[in-house]
Amino acid sequence: MSDETTHFGYKTVAAHEKEQMVAGVFHSVAAKYDLMNDLMSFGIHRLWKRFAIDCAGLRPGHKALDLAGGTGDLTARFSRIVGETGEVVLADINDSMLKVGRDKLRNLGLVDNIRYVQANAEALPFPDNHFDLITIGFGLRNVTDKDKALASMFRVLKPGGRLLVLEFSKPTSELMAKLYDLYSFHILPKMGQLVAQDGDSYQYLAESIRMHPDQETLKGMMEAVGFEAVEYFNLTQGVVALHRGYKF
């Protein structure tokens, strides 16, 4: 194993260790993940995801990959859009999250056109030129080698397909940045401890957001692996950004 290092929140760790450390976080938070999302974002995450769905351009018969799809919010909507002639793959590296997502979607009666795959974004187990759409919602910042993951996504997209990256990003105003820091580092871990009995995991999530590339940097990373017409939309003053790129 090489001596390469990477970030786990603000800590520097061996690159080969990060995957297991991130897995530990999501095994811990999976059961309360949806509840914490609603509490942490005051429900606004639903609007961010709705905007992503509006930008997805999905049609009946399409194939979509919901990567790092977690508990399946995007998959549920995509399943209804692509219909019985289409397919949605809910993929996540974490089996605890996949189980929560599968149970939730089955309870909604969504079974016929959804597949569940445990997969690492850096080496996607799908054929070349396979999907019309790939989304990765709040997952890219947890990937060890983001460039490798973006290249893997590019490979499995069909020509004409699009990638949507929905992720926490850099606030566009100084006031929002200060408020966001105060909330993330002083309130969020306490909320995680109270609701999920796990303050440390939510401390990591706050730190991982700060270590994630900003809007322009991520745009450049997408372009570097081949995506074209890359653009991004700042949501909630840049607390979240949606990046969209095409494979032509």
# chains A, B, ... in the order shown; residues from 1 in each chain; ligands from 1
call {"tool": "residues_around", "arguments": {"residues": "Glu87 of chain A", "least_positions_apart": "4", "cutoff": "12 Å", "atoms": "only C-alpha atoms", "output": "list in words"}}
result
Leu58, Arg59, Pro60, Gly61, His62, Lys63, Ala64, Leu65, Asp66, Thr75, Ala76, Arg77, Phe78, Ser79, Arg80, Ile81, Val82, Gly83, Leu110, Val111, Asp112, Asn113, Ile114, Arg115, Tyr116, His130, Phe131, Asp132 and Leu133 of chain A
call {"tool": "residues_around", "arguments": {"residues": "Gln118 of chain A", "least_positions_apart": "5", "cutoff": "9 Å", "atoms": "only C-alpha atoms", "output": "ChimeraX atom specification"}}
result
/A:90-95,98
call {"tool": "write_last_selection", "arguments": {"atoms": "N, CA, C and O atoms", "output": "JSON list (two decimals), in the first residue's frame"}}
result
[["chain", "number", "residue", "atom", "x", "y", "z"],
["A", 90, "LEU", "N", -30.08, 2.18, -7.58],
["A", 90, "LEU", "CA", -29.68, 2.84, -6.35],
["A", 90, "LEU", "C", -28.38, 2.19, -5.90],
["A", 90, "LEU", "O", -28.35, 1.00, -5.56],
["A", 91, "ALA", "N", -27.30, 2.96, -5.94],
["A", 91, "ALA", "CA", -25.98, 2.42, -5.59],
["A", 91, "ALA", "C", -25.41, 3.19, -4.41],
["A", 91, "ALA", "O", -25.52, 4.42, -4.35],
["A", 92, "ASP", "N", -24.82, 2.46, -3.50],
["A", 92, "ASP", "CA", -24.16, 3.08, -2.35],
["A", 92, "ASP", "C", -23.04, 2.15, -1.90],
["A", 92, "ASP", "O", -23.17, 0.92, -2.03],
["A", 93, "ILE", "N", -21.97, 2.72, -1.40],
["A", 93, "ILE", "CA", -20.86, 1.89, -0.93],
["A", 93, "ILE", "C", -21.18, 1.25, 0.42],
["A", 93, "ILE", "O", -20.56, 0.28, 0.82],
["A", 94, "ASN", "N", -22.20, 1.81, 1.09],
["A", 94, "ASN", "CA", -22.48, 1.41, 2.46],
["A", 94, "ASN", "C", -23.73, 0.52, 2.53],
["A", 94, "ASN", "O", -24.83, 0.95, 2.18],
["A", 95, "ASP", "N", -23.57, -0.72, 2.97],
["A", 95, "ASP", "CA", -24.70, -1.65, 2.96],
["A", 95, "ASP", "C", -25.78, -1.27, 3.97],
["A", 95, "ASP", "O", -26.96, -1.55, 3.76],
["A", 98, "LEU", "N", -27.92, 1.20, 2.14],
["A", 98, "LEU", "CA", -28.68, 0.50, 1.09],
["A", 98, "LEU", "C", -29.89, -0.22, 1.68],
["A", 98, "LEU", "O", -30.98, -0.20, 1.10]]
call {"tool": "residues_around", "arguments": {"residues": "Glu207 of chain A", "least_positions_apart": "3", "cutoff": "10 Å", "atoms": "only C-alpha atoms", "output": "PDB file with N, CA and C atoms, in the first residue's frame"}}
result
ATOM      1  N   HIS A   7      -7.806  13.403   3.385  1.00  0.00           N
ATOM      2  CA  HIS A   7      -8.460  14.028   4.535  1.00  0.00           C
ATOM      3  C   HIS A   7      -9.657  13.199   4.980  1.00  0.00           C
ATOM      4  N   PHE A   8      -9.779  13.044   6.283  1.00  0.00           N
ATOM      5  CA  PHE A   8     -11.002  12.530   6.890  1.00  0.00           C
ATOM      6  C   PHE A   8     -11.476  13.653   7.806  1.00  0.00           C
ATOM      7  N   GLY A   9     -12.389  14.499   7.272  1.00  0.00           N
ATOM      8  CA  GLY A   9     -12.662  15.758   7.971  1.00  0.00           C
ATOM      9  C   GLY A   9     -11.389  16.576   7.979  1.00  0.00           C
ATOM     10  N   TYR A  10     -11.002  17.063   9.142  1.00  0.00           N
ATOM     11  CA  TYR A  10      -9.784  17.861   9.248  1.00  0.00           C
ATOM     12  C   TYR A  10      -8.550  17.012   9.533  1.00  0.00           C
ATOM     13  N   LYS A  11      -8.750  15.718   9.763  1.00  0.00           N
ATOM     14  CA  LYS A  11      -7.611  14.849  10.053  1.00  0.00           C
ATOM     15  C   LYS A  11      -6.950  14.393   8.751  1.00  0.00           C
ATOM     16  N   ASP A 181     -20.871  28.398   9.708  1.00  0.00           N
ATOM     17  CA  ASP A 181     -19.818  27.855  10.571  1.00  0.00           C
ATOM     18  C   ASP A 181     -20.322  27.682  12.002  1.00  0.00           C
ATOM     19  N   SER A 184     -22.733  24.743  12.012  1.00  0.00           N
ATOM     20  CA  SER A 184     -22.114  23.440  11.717  1.00  0.00           C
ATOM     21  C   SER A 184     -21.285  22.906  12.868  1.00  0.00           C
ATOM     22  N   PHE A 185     -20.529  23.796  13.516  1.00  0.00           N
ATOM     23  CA  PHE A 185     -19.555  23.322  14.499  1.00  0.00           C
ATOM     24  C   PHE A 185     -20.045  23.404  15.938  1.00  0.00           C
ATOM     25  N   SER A 201     -19.775  11.684  14.476  1.00  0.00           N
ATOM     26  CA  SER A 201     -20.041  11.512  13.044  1.00  0.00           C
ATOM     27  C   SER A 201     -20.516  12.820  12.421  1.00  0.00           C
ATOM     28  N   TYR A 202     -21.309  13.588  13.176  1.00  0.00           N
ATOM     29  CA  TYR A 202     -21.799  14.850  12.630  1.00  0.00           C
ATOM     30  C   TYR A 202     -20.723  15.931  12.677  1.00  0.00           C
ATOM     31  N   GLN A 203     -19.779  15.813  13.589  1.00  0.00           N
ATOM     32  CA  GLN A 203     -18.593  16.679  13.551  1.00  0.00           C
ATOM     33  C   GLN A 203     -17.795  16.390  12.280  1.00  0.00           C
ATOM     34  N   TYR A 204     -17.628  15.093  11.957  1.00  0.00           N
ATOM     35  CA  TYR A 204     -16.932  14.728  10.714  1.00  0.00           C
ATOM     36  C   TYR A 204     -17.664  15.287   9.498  1.00  0.00           C
ATOM     37  N   ARG A 210     -16.216  21.319   4.666  1.00  0.00           N
ATOM     38  CA  ARG A 210     -15.209  22.388   4.514  1.00  0.00           C
ATOM     39  C   ARG A 210     -14.026  21.944   3.662  1.00  0.00           C
ATOM     40  N   MET A 211     -13.751  20.647   3.611  1.00  0.00           N
ATOM     41  CA  MET A 211     -12.619  20.135   2.840  1.00  0.00           C
ATOM     42  C   MET A 211     -12.997  19.845   1.379  1.00  0.00           C
ATOM     43  N   HIS A 212     -14.277  19.953   1.050  1.00  0.00           N
ATOM     44  CA  HIS A 212     -14.737  19.648  -0.304  1.00  0.00           C
ATOM     45  C   HIS A 212     -14.386  20.800  -1.242  1.00  0.00           C
TER      46      HIS A 212
END
call {"tool": "residues_around", "arguments": {"residues": "segment 157-163 of chain A", "least_positions_apart": "5", "cutoff": "9 Å", "atoms": "only C-alpha atoms", "output": "list in words"}}
result
Ala56, Gly57, Asp128, Asn129, His130, Phe131, Asp132, Leu133, Ile134, Thr135, Ile136, Ser152, Phe227, His243, Arg244, Gly245, Tyr246, Lys247 and Phe248 of chain A
call {"tool": "closest_residue", "arguments": {"among": "A:Lys148, A:Arg102, A:Arg46, A:Lys219", "to": "Gly69 of chain A", "atoms": "only C-alpha atoms"}}
result
A:Arg102
call {"tool": "atom_distance", "arguments": {"atom1": "atom CA of Asp147 of chain A", "atom2": "atom CA of Leu218 of chain A"}}
result
9.6 Å
call {"tool": "closest_residue", "arguments": {"among": "A:Val195, A:Leu74, A:Ala119, A:Val143", "to": "Lys18 of chain A", "atoms": "only C-alpha atoms"}}
result
A:Val143
call {"tool": "select_by_dssp", "arguments": {"residues": "segment 50-236 of chain A", "states": "strand (DSSP E or B)", "output": "NGL selection string"}}
result
:A and (63-67 or 87-92 or 114-118 or 131-137 or 157-168 or 228-235)
call {"tool": "residues_around", "arguments": {"residues": "Lys49 of chain A", "least_positions_apart": "4", "cutoff": "10 Å", "atoms": "only C-alpha atoms", "output": "compact mmCIF listing (two decimals) with N, CA, C and O atoms, in the first residue's frame"}}
result
# COMPACT_ATOMS: atom_id res chain seq x y z
N ILE A 44 -35.13 21.83 4.22
CA ILE A 44 -34.78 22.46 2.94
C ILE A 44 -34.13 21.47 1.98
O ILE A 44 -34.16 21.65 0.76
N HIS A 45 -33.57 20.35 2.51
CA HIS A 45 -32.95 19.36 1.62
C HIS A 45 -33.95 18.84 0.59
O HIS A 45 -33.57 18.45 -0.51
N ILE A 53 -34.00 17.22 -9.36
CA ILE A 53 -34.91 16.42 -10.18
C ILE A 53 -35.40 17.23 -11.39
O ILE A 53 -35.47 16.73 -12.52
N ASP A 54 -35.69 18.51 -11.17
CA ASP A 54 -36.13 19.38 -12.27
C ASP A 54 -35.03 19.56 -13.32
O ASP A 54 -35.33 19.79 -14.50
N CYS A 55 -33.77 19.46 -12.90
CA CYS A 55 -32.64 19.62 -13.83
C CYS A 55 -32.20 18.31 -14.47
O CYS A 55 -31.26 18.30 -15.28
N ASP A 73 -34.20 8.98 -1.68
CA ASP A 73 -35.13 10.08 -2.00
C ASP A 73 -35.19 10.35 -3.50
O ASP A 73 -36.27 10.50 -4.08
N LEU A 74 -34.02 10.45 -4.15
CA LEU A 74 -34.00 10.72 -5.59
C LEU A 74 -34.49 9.49 -6.36
O LEU A 74 -35.23 9.62 -7.34
N ARG A 77 -38.31 9.26 -6.79
CA ARG A 77 -38.87 10.14 -7.82
C ARG A 77 -38.50 9.65 -9.22
O ARG A 77 -39.34 9.62 -10.14
N GLY A 137 -25.79 12.67 -4.82
CA GLY A 137 -26.31 13.67 -3.91
C GLY A 137 -25.66 13.56 -2.53
O GLY A 137 -25.85 12.56 -1.84
N LEU A 166 -24.98 17.07 -6.56
CA LEU A 166 -25.61 17.92 -5.55
C LEU A 166 -24.77 17.79 -4.28
O LEU A 166 -24.61 16.69 -3.75
N LEU A 242 -25.53 22.76 -7.11
CA LEU A 242 -25.81 21.67 -8.05
C LEU A 242 -24.95 21.90 -9.28
O LEU A 242 -25.09 22.91 -9.97
call {"tool": "closest_residue", "arguments": {"among": "A:Glu223, A:Thr217, A:Thr144, A:Thr236", "to": "Phe168 of chain A", "atoms": "only C-alpha atoms"}}
result
A:Thr236
